[in-house]
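S.K.: Structure below; questions to follow.
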Amino acid sequence: MANKSFFESLQAFGINRVLDYFDSNPEENMHKVLKWVEVVGKGGDIEKQLKMFKKIVNDPTSNWYQLILDFWSDRIHPDVRRKFFENFIIHATAIGTQRQKKAMAAHNCNIPWAILMDPTSACNLKCTGCWAAEYGHTMSMSYETLDSIVEQGKELGTFMYIFSGGEPLTRKKDILRLCEKHNECMFLSFTNGTLIDEEFCDEMLRVKNFIPAISVEGFEEATDSRRGKGTFQAVSRAMDLLKAKQLPFGVSCCYTRYNTDVIGSEEYYDWMIDKGAMFCWFFTYMPVGQDASVDLIATPEQREFMFHRVREFRNTKKLFTLDFWNDGQYIKGCIAGGRYYLHINANGDIEPCAFIHYSDTNIHEHTLLEAYKNPLFTQYRQSQPFNENHHRPCPMFDNPTELERMVKASGAHSTEALHPEDVSDLCAKCKRPAELWAPVADRLWEKTLQEYAAMDENDAMRPNPRER
């Protein structure tokens, strides 16, 4: 049994039988399933994850335990829940991770866990400070191109696909076609939420493998001031529809100098939970684009406030949270450049990150694997992590000389269609914020290292901060 992969053993037992156990009595049967997984997974490739999960389920008082139970509540339609388990846990994580490892060993390059791609640069809103606007509003990738990206990605082990834009839901029909054809993949979309209606919710219930992450900037005044009058109410209606249909969804929040106090408030967290959100993904504002306002950049004090606030509420609120910058300690720095994810814009340019608008490869001319082996992504692979302090993970925002060096060494070009931005100009805007954040991050990192040192080496929650 130990010579089999976890997935092979799970297949032999029957995925549906596992889900039946959970559905009948999740609190009681998660322990039985865990014991079975321990047996079939012993000596396999998921022991670290097993240890972490075991620690969670053995503490019924923990917030993580309650989050798991909440996933098996009537908040989520049972058919959608089963599809999520099969696609996210089995395909994207169990099968995908192993396939990625083999491909990385064979090709000596990064293979991403997720691909973020823009079906279109068009959008029905015009939001202040939106980096996507720098691409213009006329570009798009055909369904055939999007389909080819997914087919190529699956071959290398990528089963998680995320849409951005532009507004991805201006391409609803093509997105649903992709979900239907690639039924074993998980699809998520960042969206302004204004195009989510009852008909689309019913289609989501039909395909079962699509989850929206709705962008909100705070309450009505803050959201409408950046996204346009009436946006907040439209978003609120979309959330009510999703909740009524038992469809999982999340929230995407960009915090700036002017809304951080609201974004990080308990009142705002409680509002998201009350609306039915299952997760929230936090981003800090990035001055991407020739005309981007540096005045919107959050202060070091505000970034530290979010650092502590997210960790505090992870232990107390029924909301799974991710912080794109401040969670570098958990994934050992930057995730871009194909290490865990990459971005393909609506023109087909394959970029290291949604915020790094430079490329040396286009999907219309090259394969994904060729992009992973080309100079820019090779620079990323050779340079990660960009800082031993994983609270300073980003090569642009935290270590701007690193991005400038990699772009110039690789010969990558700006992909912004309207106003191509020289990488030296972009990095110059980030130099002062990086300098101001460095001493704060160093203080936080020293405390993190002390916390790691105090943990037992066998503690499932103890990462190795010095491992690349």
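Numbering starts fresh at 1 for the residues of each chain in the structure tokens, the chains themselves are lettered A, B, ... in the order given, and ligands are numbered from 1 as they appear.
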From the DSSP assignment of the backbone, select every residue of range 185-336 of chain A that is alpha helix (DSSP H), and format the answer as a PyMOL selection string.
M.R.: chain A and resi 198-207+220-227+231-244+260-263+266-275+300-314
S.K.: Name all residues at most 7 Å from Glu217 in chain A (count only C-alpha atoms; drop same-chain ones fewer than 5 positions away) and give them as JSON, numbers by chain.
M.R.: {"A": [222, 223, 253, 254]}
S.K.: Between CA of Asp291 in chain A and CA of Leu376 in chain A, what is the spacing in Å?
M.R.: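 These two atoms are separated by 25.0 Å.
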S.K.: Which residue, A:Ile115, A:Val423, A:Ile149, A:Ala105, has the smallest gap to Val288 in chain A when you use only C-alpha atoms?
M.R.: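 Nearest to Val288 in chain A: A:Val423.
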S.K.: Taking only C-alpha atoms into account, produce a table as CSV in which each residue of range 175-265 of chain A with an atom at most 10 Å from an atom of range 311-329 of chain A appears once, together with its shortest atom pair and the distance in Å to one decimal, ordered by chain and rising number.
M.R.:
residue,atom,partner,partner_atom,distance
A:Gly250,CA,A:Phe320,CA,9.0
A:Val251,CA,A:Thr321,CA,9.5
A:Ser252,CA,A:Leu322,CA,9.6
A:Cys253,CA,A:Asp323,CA,9.6
A:Gly264,CA,A:Phe313,CA,9.4
A:Ser265,CA,A:Phe313,CA,9.9
S.K.: Neighbours of range 346-350 of chain A within 8 Å (only C-alpha atoms; same-chain residues fewer than 4 positions away dropped), as an NGL selection string?
M.R.: :A and (117-121 or 139-141 or 165 or 342 or 359-364 or 371 or 415)
S.K.: By how many Å are CA of Phe279 in chain A and CA of Leu178 in chain A apart?
M.R.: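 Value for the CA of Phe279 in chain A-CA of Leu178 in chain A distance: 23.4 Å.
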S.K.: Considering only C-alpha atoms, return as a PDB file with C-alpha atoms, in the first residue's frame whatever protein or nucleic-acid residues lie within 12 Å of Glu446 in chain A, sequence-local ones (same chain, fewer than 6 positions apart) excluded.
M.R.:
ATOM      1  CA  GLN A 329       6.630  33.433   5.538  1.00  0.00           C
ATOM      2  CA  GLU A 388      16.105  35.981   3.259  1.00  0.00           C
ATOM      3  CA  ASN A 389      13.456  37.962   5.106  1.00  0.00           C
ATOM      4  CA  HIS A 390      10.235  36.453   3.770  1.00  0.00           C
ATOM      5  CA  HIS A 391       8.276  39.455   4.990  1.00  0.00           C
ATOM      6  CA  PRO A 439      13.140  48.022   9.129  1.00  0.00           C
ATOM      7  CA  VAL A 440       9.540  47.133  10.009  1.00  0.00           C
ATOM      8  CA  TYR A 452       9.900  29.168  14.843  1.00  0.00           C
ATOM      9  CA  ALA A 453      12.803  28.410  17.157  1.00  0.00           C
ATOM     10  CA  PRO A 465      12.027  29.793   6.922  1.00  0.00           C
TER      11      PRO A 465
END
S.K.: Using only C-alpha atoms, can you tell me which of A:Glu304, A:Glu203, A:Glu221, A:Asp197 comes closest to Glu180 in chain A?
M.R.: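 Comparing A:Glu304, A:Glu203, A:Glu221, A:Asp197 against Glu180 in chain A, the winner is A:Glu203.
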S.K.: Have a look at A:Gln450, A:Ser62, A:Thr378, A:Ser414 and name the one nearest to Ile356 in chain A; count only C-alpha atoms.
M.R.: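 Closest to Ile356 in chain A, using only C-alpha atoms: A:Ser414.
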S.K.: Extract, using only C-alpha atoms, all DNA, RNA and protein residues at most 12 Å from His31 in chain A, discarding same-chain residues fewer than 2 positions from it, and format them as JSON, numbers by chain.
M.R.: {"A": [18, 21, 22, 25, 26, 27, 28, 29, 33, 34, 35, 36, 37, 38, 50, 53, 54, 55, 56, 57, 58, 59, 60, 65]}
S.K.: Extract the full set of strand (DSSP E) residues from range 330-457 of chain A according to DSSP on the backbone, and format it as JSON, numbers by chain.
M.R.: {"A": [341, 342, 343, 344, 350, 351, 358, 359, 413, 414]}
S.K.: Write the selection just made, keeping all heavy atoms, as an mmCIF file, in the first residue's frame?
M.R.:
data_model
loop_
_atom_site.group_PDB
_atom_site.id
_atom_site.type_symbol
_atom_site.label_atom_id
_atom_site.label_comp_id
_atom_site.auth_asym_id
_atom_site.auth_seq_id
_atom_site.Cartn_x
_atom_site.Cartn_y
_atom_site.Cartn_z
ATOM 1 N N TYR A 341 2.672 30.371 -9.339
ATOM 2 C CA TYR A 341 1.709 30.911 -10.294
ATOM 3 C C TYR A 341 2.395 31.833 -11.285
ATOM 4 O O TYR A 341 3.571 32.201 -11.128
ATOM 5 C CB TYR A 341 0.579 31.629 -9.533
ATOM 6 C CG TYR A 341 0.623 33.144 -9.563
ATOM 7 C CD1 TYR A 341 -0.329 33.857 -10.285
ATOM 8 C CD2 TYR A 341 1.600 33.866 -8.878
ATOM 9 C CE1 TYR A 341 -0.315 35.244 -10.313
ATOM 10 C CE2 TYR A 341 1.623 35.245 -8.902
ATOM 11 C CZ TYR A 341 0.662 35.933 -9.620
ATOM 12 O OH TYR A 341 0.687 37.305 -9.645
ATOM 13 N N LEU A 342 1.643 32.210 -12.341
ATOM 14 C CA LEU A 342 2.098 33.182 -13.330
ATOM 15 C C LEU A 342 0.865 33.868 -13.901
ATOM 16 O O LEU A 342 -0.270 33.527 -13.546
ATOM 17 C CB LEU A 342 2.912 32.494 -14.436
ATOM 18 C CG LEU A 342 2.218 31.359 -15.210
ATOM 19 C CD1 LEU A 342 1.386 31.885 -16.371
ATOM 20 C CD2 LEU A 342 3.231 30.364 -15.721
ATOM 21 N N HIS A 343 1.075 34.815 -14.797
ATOM 22 C CA HIS A 343 -0.033 35.576 -15.379
ATOM 23 C C HIS A 343 0.115 35.633 -16.888
ATOM 24 O O HIS A 343 1.219 35.845 -17.405
ATOM 25 C CB HIS A 343 -0.021 37.006 -14.814
ATOM 26 C CG HIS A 343 -1.100 37.885 -15.368
ATOM 27 N ND1 HIS A 343 -0.842 39.105 -15.971
ATOM 28 C CD2 HIS A 343 -2.447 37.727 -15.423
ATOM 29 C CE1 HIS A 343 -1.978 39.666 -16.347
ATOM 30 N NE2 HIS A 343 -2.965 38.844 -16.031
ATOM 31 N N ILE A 344 -0.996 35.424 -17.597
ATOM 32 C CA ILE A 344 -1.025 35.592 -19.048
ATOM 33 C C ILE A 344 -2.050 36.671 -19.355
ATOM 34 O O ILE A 344 -3.242 36.511 -19.052
ATOM 35 C CB ILE A 344 -1.407 34.278 -19.762
ATOM 36 C CG1 ILE A 344 -0.471 33.148 -19.324
ATOM 37 C CG2 ILE A 344 -1.335 34.467 -21.280
ATOM 38 C CD1 ILE A 344 -0.824 31.787 -19.913
ATOM 39 N N ILE A 350 3.078 36.192 -21.570
ATOM 40 C CA ILE A 350 3.233 35.365 -20.367
ATOM 41 C C ILE A 350 4.142 36.108 -19.398
ATOM 42 O O ILE A 350 5.337 36.277 -19.641
ATOM 43 C CB ILE A 350 3.798 33.979 -20.719
ATOM 44 C CG1 ILE A 350 2.898 33.317 -21.765
ATOM 45 C CG2 ILE A 350 3.900 33.097 -19.474
ATOM 46 C CD1 ILE A 350 3.429 31.999 -22.297
ATOM 47 N N GLU A 351 3.565 36.574 -18.304
ATOM 48 C CA GLU A 351 4.257 37.421 -17.332
ATOM 49 C C GLU A 351 4.493 36.660 -16.030
ATOM 50 O O GLU A 351 3.720 35.759 -15.690
ATOM 51 C CB GLU A 351 3.424 38.676 -17.049
ATOM 52 C CG GLU A 351 3.095 39.485 -18.289
ATOM 53 C CD GLU A 351 2.041 40.553 -18.047
ATOM 54 O OE1 GLU A 351 1.260 40.422 -17.063
ATOM 55 O OE2 GLU A 351 1.989 41.514 -18.818
ATOM 56 N N TYR A 358 5.978 42.675 -17.658
ATOM 57 C CA TYR A 358 7.127 42.488 -18.539
ATOM 58 C C TYR A 358 7.147 41.035 -18.978
ATOM 59 O O TYR A 358 6.770 40.142 -18.213
ATOM 60 C CB TYR A 358 8.440 42.860 -17.834
ATOM 61 C CG TYR A 358 8.442 44.304 -17.375
ATOM 62 C CD1 TYR A 358 8.014 44.634 -16.092
ATOM 63 C CD2 TYR A 358 8.813 45.322 -18.244
ATOM 64 C CE1 TYR A 358 7.965 45.952 -15.683
ATOM 65 C CE2 TYR A 358 8.763 46.645 -17.842
ATOM 66 C CZ TYR A 358 8.332 46.955 -16.565
ATOM 67 O OH TYR A 358 8.271 48.267 -16.173
ATOM 68 N N SER A 359 7.552 40.797 -20.215
ATOM 69 C CA SER A 359 7.510 39.442 -20.748
ATOM 70 C C SER A 359 8.547 39.263 -21.850
ATOM 71 O O SER A 359 8.933 40.227 -22.514
ATOM 72 C CB SER A 359 6.109 39.150 -21.306
ATOM 73 O OG SER A 359 6.042 37.875 -21.900
ATOM 74 N N HIS A 413 10.340 42.814 -22.286
ATOM 75 C CA HIS A 413 9.821 44.116 -22.693
ATOM 76 C C HIS A 413 8.542 44.432 -21.922
ATOM 77 O O HIS A 413 7.870 43.538 -21.395
ATOM 78 C CB HIS A 413 9.521 44.120 -24.193
ATOM 79 C CG HIS A 413 8.481 43.101 -24.585
ATOM 80 N ND1 HIS A 413 7.123 43.351 -24.573
ATOM 81 C CD2 HIS A 413 8.615 41.808 -24.997
ATOM 82 C CE1 HIS A 413 6.461 42.278 -24.950
ATOM 83 N NE2 HIS A 413 7.340 41.323 -25.212
ATOM 84 N N SER A 414 8.186 45.703 -21.874
ATOM 85 C CA SER A 414 6.939 46.114 -21.234
ATOM 86 C C SER A 414 5.762 45.605 -22.051
ATOM 87 O O SER A 414 5.764 45.674 -23.281
ATOM 88 C CB SER A 414 6.865 47.638 -21.116
ATOM 89 O OG SER A 414 5.577 48.040 -20.657
#
S.K.: If I take CA of Cys334 in chain A and CA of Cys394 in chain A, how far is one from the other in Å, to one decimal?
M.R.: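 About the pair CA of Cys334 in chain A and CA of Cys394 in chain A: they are 5.7 Å apart.
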S.K.: Show me, as a count of residues only, the residues that have an atom within 8 Å of Thr194 in chain A when counting only C-alpha atoms, minus same-chain residues fewer than 5 positions from it.
M.R.: 4
S.K.: Taking into account only C-alpha atoms, which residue in the set A:Lys173, A:Arg99, A:Lys83, A:Arg75 is nearest to Lys243 in chain A?
M.R.: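 Checking each of A:Lys173, A:Arg99, A:Lys83, A:Arg75 against Lys243 in chain A, counting only C-alpha atoms, the winner is A:Arg75.
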S.K.: Calculated over only C-alpha atoms, which of the candidates A:Gln384, A:Thr448, A:Asn209, A:Ser424 has the smallest distance to Arg177 in chain A?
M.R.: A:Asn209
